[in-house]
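Trainee: Here it is, the structure in full.
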Amino acid sequence: MKLTILHIGDIFGAAGRQALAALLPGLKASLRPDLVIANGENSAGGIGITPETAGEIFLAGVDVITTGNHVWRHREIEALLDDEPHLLRPHNYPGDAPGRGWVIARTQAGPPVGVLNLEGRVFMSQLDCPFACAEEILAGPLAQTPVIIVDFHAEATSEKAALAWRLDGRVSAVLGTHTHVPTADERILPGGTAFQSDVGMTGPHDSIIGVETEVAIQRFLTARPARFRAAEENPRLQATVVEVDAATGAALHIQRIDAPLSERPRQP
């Protein structure tokens with residue numbers, strides 16, 4: 001049996017939620033995914049996630065929400081992280097952080113899929129080692145299913161690739177999030193693990209990684225802080241679809257998706 005898993009790149013602000021709600025039904029009709037995963041850590045105004053934006057994402061048809069370093073921006077999300085097993089935060093946060101970083105999710109076809117959310121350390125916070133945390137969870141709760149998708153929310157391509165090669169043959173896919181730019185390095189590694197450094201961004205693409213262009217430019221020109229504003233123009237949904245052998249967990253196919261909310265008129 002083959003499973004089709006759709007992983008949607010970082011949902012950014014209102015434009016990202018709009019693109020998700022408008023485009024996901026059509027993608028589900030054409031791709032018929034057995035499970036839909038989306039990174040929602042930028043869904044609330046471009047930074048963080050709230051119970052309300054998480055609710056919108058689930059309502060749009062997402063089965064599992066992953067997050068990253070901005071998950072703690074809005075304190076009201078902490079209760080939902082504890083109560084909703086399909087809303088994940090990176091597993092390698094230390095101590096008694098609310099919520100958890102993995103889930104075994106049901107699929108339309110029946111076989112379960114493990115989803116593991118990790119955060120990188122290169123150019124980011126010094127969390128618990130994602131490599132060691134992956135080993136621990138793969139030998140523990142996720143050992144009961146061969147189909148495992150890892151959302152690795154990290155900055156450095158090298159760190160993402162290193163985790164994918166380390167886990168090759170033991171997980172179905174390692175898919176990067178966080179940088180908001182889709183990479184053209186999607187492939188299946190020799191052991192059967194699908195890999196892409198970054199899935200991209202679902203949000204406003206007439207922007208600088210989701211932020212209004214003038215705000216970002218001024219920060220570079222002046223080297224001073226500028227008030228953050230999420231952009232709104234040219235919403236697009238970027239995602240990656242992976243087909244997996246349900247019996248072995250090996251990836252069979254990986255493909256990028258870049259869907260505009262509406263076609264823009266060509267310049268004369």
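As shown in the structure tokens, the chain order sets the letters A, B, ...; within each chain, residues go from 1, and ligands are also counted from 1 in the order they appear.
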Got a sec: who's within 6 Å of Ala250 (chain A), counting only C-alpha atoms, leaving out chain neighbours fewer than 6 positions off, as a list in words?

Mentor: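 Selected residues are Ser172, Gly192 and Val244 of chain A.
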
Trainee: Show me, as a PDB file with N, CA and C atoms, in the first residue's frame, the residues that have an atom within 9 Å of Gly120 (chain A) when counting only C-alpha atoms, minus same-chain residues fewer than 4 positions from it.

Mentor:
ATOM      1  N   ASN A  92      12.801  18.893  20.972  1.00  0.00           N
ATOM      2  CA  ASN A  92      14.049  19.061  21.704  1.00  0.00           C
ATOM      3  C   ASN A  92      14.111  20.307  22.571  1.00  0.00           C
ATOM      4  N   MET A 124      20.727  29.314  15.754  1.00  0.00           N
ATOM      5  CA  MET A 124      19.467  29.387  16.485  1.00  0.00           C
ATOM      6  C   MET A 124      19.763  29.157  17.963  1.00  0.00           C
ATOM      7  N   SER A 125      18.715  28.951  18.761  1.00  0.00           N
ATOM      8  CA  SER A 125      18.908  28.733  20.195  1.00  0.00           C
ATOM      9  C   SER A 125      19.589  27.393  20.447  1.00  0.00           C
ATOM     10  N   GLN A 126      20.311  27.320  21.542  1.00  0.00           N
ATOM     11  CA  GLN A 126      21.032  26.089  21.893  1.00  0.00           C
ATOM     12  C   GLN A 126      20.114  25.166  22.694  1.00  0.00           C
ATOM     13  N   LEU A 127      19.273  24.473  21.991  1.00  0.00           N
ATOM     14  CA  LEU A 127      18.342  23.528  22.589  1.00  0.00           C
ATOM     15  C   LEU A 127      19.034  22.188  22.807  1.00  0.00           C
ATOM     16  N   CYS A 129      20.119  18.483  21.864  1.00  0.00           N
ATOM     17  CA  CYS A 129      20.611  18.024  20.571  1.00  0.00           C
ATOM     18  C   CYS A 129      19.501  17.364  19.757  1.00  0.00           C
ATOM     19  N   PRO A 130      19.173  17.879  18.564  1.00  0.00           N
ATOM     20  CA  PRO A 130      18.107  17.262  17.774  1.00  0.00           C
ATOM     21  C   PRO A 130      18.455  15.856  17.299  1.00  0.00           C
ATOM     22  N   PHE A 152      11.980  19.359  10.303  1.00  0.00           N
ATOM     23  CA  PHE A 152      13.177  19.885  10.964  1.00  0.00           C
ATOM     24  C   PHE A 152      13.213  21.388  10.732  1.00  0.00           C
ATOM     25  N   HIS A 153      12.868  22.145  11.766  1.00  0.00           N
ATOM     26  CA  HIS A 153      12.756  23.598  11.678  1.00  0.00           C
ATOM     27  C   HIS A 153      14.126  24.183  11.999  1.00  0.00           C
ATOM     28  N   ALA A 154      14.892  24.486  10.961  1.00  0.00           N
ATOM     29  CA  ALA A 154      16.294  24.848  11.168  1.00  0.00           C
ATOM     30  C   ALA A 154      16.749  25.852  10.118  1.00  0.00           C
ATOM     31  N   GLU A 155      17.827  26.565  10.468  1.00  0.00           N
ATOM     32  CA  GLU A 155      18.367  27.614   9.614  1.00  0.00           C
ATOM     33  C   GLU A 155      19.375  27.080   8.603  1.00  0.00           C
ATOM     34  N   ALA A 156      20.285  26.246   9.063  1.00  0.00           N
ATOM     35  CA  ALA A 156      21.420  25.842   8.237  1.00  0.00           C
ATOM     36  C   ALA A 156      21.091  24.631   7.380  1.00  0.00           C
ATOM     37  N   GLU A 159      22.937  21.483   8.540  1.00  0.00           N
ATOM     38  CA  GLU A 159      22.371  20.766   9.680  1.00  0.00           C
ATOM     39  C   GLU A 159      21.177  19.922   9.250  1.00  0.00           C
ATOM     40  N   LYS A 160      20.358  20.472   8.355  1.00  0.00           N
ATOM     41  CA  LYS A 160      19.208  19.722   7.855  1.00  0.00           C
ATOM     42  C   LYS A 160      19.662  18.485   7.077  1.00  0.00           C
TER      43      LYS A 160
END

Trainee: Would you please work out which residue, of A:Ala19, A:Ala44, A:Val122, A:Ala132, is nearest to Trp72 (chain A) when using only C-alpha atoms?

Mentor: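 Ranked by minimum distance to Trp72 (chain A), first place goes to A:Ala44.
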
Trainee: With only C-alpha atoms as the counted atoms, please give the residues lying no more than 10 Å from Val215 (chain A), apart from itself and same-chain residues fewer than 5 positions off, as a short mmCIF file (atom, residue, chain, number, x, y, z; two decimals) with N, CA, C and O atoms, in the first residue's frame.

Mentor:
data_model
loop_
_atom_site.label_atom_id
_atom_site.label_comp_id
_atom_site.auth_asym_id
_atom_site.auth_seq_id
_atom_site.Cartn_x
_atom_site.Cartn_y
_atom_site.Cartn_z
N SER A 207 7.11 40.10 -0.94
CA SER A 207 7.56 40.42 0.40
C SER A 207 9.01 39.99 0.53
O SER A 207 9.59 39.45 -0.42
N ILE A 208 9.56 40.18 1.69
CA ILE A 208 10.88 39.63 2.02
C ILE A 208 10.63 38.60 3.11
O ILE A 208 10.40 38.95 4.27
N PHE A 220 17.96 46.91 6.83
CA PHE A 220 19.30 46.73 6.25
C PHE A 220 20.00 48.07 6.03
O PHE A 220 21.21 48.19 6.23
N PRO A 225 16.30 48.71 14.47
CA PRO A 225 15.03 47.98 14.46
C PRO A 225 13.95 48.77 13.73
O PRO A 225 13.96 50.01 13.72
N ALA A 226 13.05 48.05 13.11
CA ALA A 226 11.89 48.65 12.45
C ALA A 226 10.66 47.82 12.80
O ALA A 226 10.76 46.62 12.99
N ARG A 227 9.53 48.47 12.90
CA ARG A 227 8.31 47.77 13.31
C ARG A 227 7.94 46.71 12.27
O ARG A 227 7.80 46.99 11.09
N PHE A 228 7.78 45.51 12.74
CA PHE A 228 7.46 44.35 11.90
C PHE A 228 6.05 44.48 11.34
O PHE A 228 5.11 44.74 12.09
N ARG A 229 5.88 44.28 10.02
CA ARG A 229 4.55 44.25 9.42
C ARG A 229 4.49 43.10 8.42
O ARG A 229 5.35 43.01 7.53
N ALA A 230 3.50 42.24 8.57
CA ALA A 230 3.32 41.14 7.62
C ALA A 230 2.78 41.69 6.31
O ALA A 230 1.88 42.53 6.28
N ALA A 231 3.34 41.23 5.20
CA ALA A 231 2.85 41.63 3.87
C ALA A 231 1.56 40.88 3.55
O ALA A 231 1.15 39.96 4.26
#

Trainee: Which neighbours of region 181-183 of chain A fall inside 7 Å, counting only C-alpha atoms, when residues of the same chain fewer than 5 positions from it are skipped, and could you give them as a ChimeraX atom specification?

Mentor: /A:196-201

Trainee: If we count only C-alpha atoms, what is near His86 (chain A) at a cut-off of 9 Å, once residues fewer than 3 positions away on the same chain are taken out, given as an MDAnalysis selection string?

Mentor: chainID A and resid 63:66 81 102:105

Trainee: Using only C-alpha atoms for the distances, tell me which of A:Leu167, A:Val115, A:Ile37, A:Leu31 is nearest to Ile149 (chain A).

Mentor: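 Smallest separation from Ile149 (chain A) among the options: A:Val115.
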
Trainee: Would you please work out which residue, of A:Lys2, A:Arg256, A:His205, A:Arg75, is nearest to Glu233 (chain A) when using only C-alpha atoms?

Mentor: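 The answer is A:His205, which sits nearest to Glu233 (chain A).
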
Trainee: Considering only C-alpha atoms, return as a PyMOL selection string whatever protein or nucleic-acid residues lie within 12 Å of Glu135 (chain A), sequence-local ones (same chain, fewer than 5 positions apart) excluded.

Mentor: chain A and resi 91-92+116+118+129-130+140-143+163+166-167+170-171

Trainee: Enumerate the residues of region 97-248 of chain A with a DSSP assignment of helix (DSSP H, G or I), computed from the backbone, and present them as number ranges by chain.

Mentor: A: 130-139, 141-144, 157-166, 213-222

Trainee: Store the residues picked out above in a file with N, CA and C atoms, as an mmCIF file, in the first residue's frame.

Mentor:
data_model
loop_
_atom_site.group_PDB
_atom_site.id
_atom_site.type_symbol
_atom_site.label_atom_id
_atom_site.label_comp_id
_atom_site.auth_asym_id
_atom_site.auth_seq_id
_atom_site.Cartn_x
_atom_site.Cartn_y
_atom_site.Cartn_z
ATOM 1 N N PRO A 130 19.173 17.879 18.564
ATOM 2 C CA PRO A 130 18.107 17.262 17.774
ATOM 3 C C PRO A 130 18.455 15.856 17.299
ATOM 4 N N PHE A 131 19.741 15.585 17.099
ATOM 5 C CA PHE A 131 20.157 14.257 16.659
ATOM 6 C C PHE A 131 19.896 13.235 17.774
ATOM 7 N N ALA A 132 20.297 13.574 18.997
ATOM 8 C CA ALA A 132 20.075 12.668 20.120
ATOM 9 C C ALA A 132 18.585 12.509 20.413
ATOM 10 N N CYS A 133 17.840 13.606 20.328
ATOM 11 C CA CYS A 133 16.396 13.530 20.581
ATOM 12 C C CYS A 133 15.704 12.662 19.537
ATOM 13 N N ALA A 134 16.150 12.754 18.292
ATOM 14 C CA ALA A 134 15.574 11.911 17.244
ATOM 15 C C ALA A 134 15.837 10.442 17.543
ATOM 16 N N GLU A 135 17.050 10.125 17.928
ATOM 17 C CA GLU A 135 17.381 8.737 18.252
ATOM 18 C C GLU A 135 16.488 8.216 19.379
ATOM 19 N N GLU A 136 16.302 9.034 20.387
ATOM 20 C CA GLU A 136 15.506 8.629 21.551
ATOM 21 C C GLU A 136 14.062 8.345 21.164
ATOM 22 N N ILE A 137 13.464 9.231 20.396
ATOM 23 C CA ILE A 137 12.044 9.080 20.091
ATOM 24 C C ILE A 137 11.813 7.981 19.059
ATOM 25 N N LEU A 138 12.773 7.778 18.139
ATOM 26 C CA LEU A 138 12.633 6.707 17.153
ATOM 27 C C LEU A 138 12.725 5.335 17.806
ATOM 28 N N ALA A 139 13.518 5.236 18.859
ATOM 29 C CA ALA A 139 13.632 3.976 19.584
ATOM 30 C C ALA A 139 12.497 3.785 20.584
ATOM 31 N N PRO A 141 8.452 5.791 21.321
ATOM 32 C CA PRO A 141 7.064 5.756 20.840
ATOM 33 C C PRO A 141 6.910 5.578 19.335
ATOM 34 N N LEU A 142 7.827 6.133 18.541
ATOM 35 C CA LEU A 142 7.660 6.056 17.093
ATOM 36 C C LEU A 142 8.142 4.731 16.505
ATOM 37 N N ALA A 143 8.654 3.853 17.339
ATOM 38 C CA ALA A 143 9.109 2.553 16.851
ATOM 39 C C ALA A 143 7.957 1.680 16.377
ATOM 40 N N GLN A 144 6.725 2.057 16.716
ATOM 41 C CA GLN A 144 5.578 1.218 16.371
ATOM 42 C C GLN A 144 5.064 1.438 14.953
ATOM 43 N N THR A 157 21.331 24.760 6.078
ATOM 44 C CA THR A 157 21.139 23.640 5.164
ATOM 45 C C THR A 157 21.995 22.451 5.568
ATOM 46 N N SER A 158 23.208 22.717 6.040
ATOM 47 C CA SER A 158 24.102 21.624 6.415
ATOM 48 C C SER A 158 23.537 20.808 7.567
ATOM 49 N N GLU A 159 22.937 21.483 8.540
ATOM 50 C CA GLU A 159 22.371 20.766 9.680
ATOM 51 C C GLU A 159 21.177 19.922 9.250
ATOM 52 N N LYS A 160 20.358 20.472 8.355
ATOM 53 C CA LYS A 160 19.208 19.722 7.855
ATOM 54 C C LYS A 160 19.662 18.485 7.077
ATOM 55 N N ALA A 161 20.641 18.681 6.210
ATOM 56 C CA ALA A 161 21.137 17.552 5.421
ATOM 57 C C ALA A 161 21.785 16.504 6.317
ATOM 58 N N ALA A 162 22.514 16.956 7.329
ATOM 59 C CA ALA A 162 23.171 16.011 8.224
ATOM 60 C C ALA A 162 22.156 15.139 8.956
ATOM 61 N N LEU A 163 21.051 15.748 9.408
ATOM 62 C CA LEU A 163 20.035 14.943 10.091
ATOM 63 C C LEU A 163 19.395 13.958 9.122
ATOM 64 N N ALA A 164 19.132 14.400 7.894
ATOM 65 C CA ALA A 164 18.519 13.502 6.911
ATOM 66 C C ALA A 164 19.420 12.299 6.626
ATOM 67 N N TRP A 165 20.709 12.549 6.434
ATOM 68 C CA TRP A 165 21.636 11.442 6.179
ATOM 69 C C TRP A 165 21.774 10.558 7.408
ATOM 70 N N ARG A 166 21.760 11.136 8.590
ATOM 71 C CA ARG A 166 21.855 10.348 9.814
ATOM 72 C C ARG A 166 20.654 9.415 9.968
ATOM 73 N N THR A 213 8.224 44.664 2.207
ATOM 74 C CA THR A 213 9.566 44.886 1.667
ATOM 75 C C THR A 213 10.226 46.137 2.229
ATOM 76 N N GLU A 214 9.480 47.223 2.364
ATOM 77 C CA GLU A 214 10.081 48.480 2.814
ATOM 78 C C GLU A 214 10.585 48.364 4.242
ATOM 79 N N VAL A 215 9.863 47.627 5.079
ATOM 80 C CA VAL A 215 10.305 47.435 6.465
ATOM 81 C C VAL A 215 11.640 46.700 6.495
ATOM 82 N N ALA A 216 11.724 45.615 5.748
ATOM 83 C CA ALA A 216 12.956 44.829 5.737
ATOM 84 C C ALA A 216 14.117 45.625 5.141
ATOM 85 N N ILE A 217 13.853 46.366 4.075
ATOM 86 C CA ILE A 217 14.919 47.154 3.443
ATOM 87 C C ILE A 217 15.455 48.198 4.409
ATOM 88 N N GLN A 218 14.576 48.871 5.150
ATOM 89 C CA GLN A 218 15.017 49.894 6.088
ATOM 90 C C GLN A 218 15.891 49.315 7.193
ATOM 91 N N ARG A 219 15.599 48.107 7.608
ATOM 92 C CA ARG A 219 16.437 47.487 8.637
ATOM 93 C C ARG A 219 17.852 47.268 8.116
ATOM 94 N N PHE A 220 17.963 46.909 6.830
ATOM 95 C CA PHE A 220 19.300 46.730 6.248
ATOM 96 C C PHE A 220 20.002 48.071 6.033
ATOM 97 N N LEU A 221 19.257 49.093 5.618
ATOM 98 C CA LEU A 221 19.855 50.389 5.334
ATOM 99 C C LEU A 221 20.305 51.117 6.591
ATOM 100 N N THR A 222 19.543 50.977 7.670
ATOM 101 C CA THR A 222 19.806 51.763 8.870
ATOM 102 C C THR A 222 20.470 50.978 9.991
#

Trainee: How many Å lie between CA of Leu20 (chain A) and CA of Gln238 (chain A), rounded to one decimal?

Mentor: 9.5 Å

Trainee: Report the distance between CA of Gly99 (chain A) and CA of Ala194 (chain A) in Å, rounded to one decimal place.

Mentor: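 CA of Ala194 (chain A) lies 27.0 Å from CA of Gly99 (chain A).
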
Trainee: Counting only C-alpha atoms, what is within 12 Å of Ala251 (chain A), bar same-chain residues fewer than 2 positions away, as a PyMOL selection string?

Mentor: chain A and resi 2-5+146-149+168-174+186-195+241-249+253-255

Trainee: Restricting the calculation to only C-alpha atoms, which member of A:Asp34, A:Glu78, A:Glu52, A:Glu41 is positioned closest to Asp10 (chain A)?

Mentor: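 Checking each candidate against Asp10 (chain A), we get A:Glu41 as the closest.
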
Trainee: Would you work out the distance separating CA of Gly40 (chain A) from CA of Ile11 (chain A), expressed in Å to one decimal?

Mentor: 5.2 Å

Trainee: For Asp206 (chain A), which residue out of A:Asp185, A:Glu232, A:Asp83, A:Asp151 is the nearest one, using only C-alpha atoms?

Mentor: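 Once distances to Asp206 (chain A) are computed over only C-alpha atoms, the minimum belongs to A:Glu232.
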
Trainee: Counting only C-alpha atoms, figure out which residue out of A:Glu119, A:Ala14, A:Gly55, A:Gly26 gets nearest to Pro94 (chain A).

Mentor: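 Between A:Glu119, A:Ala14, A:Gly55, A:Gly26, the residue approaching Pro94 (chain A) most closely is A:Glu119.
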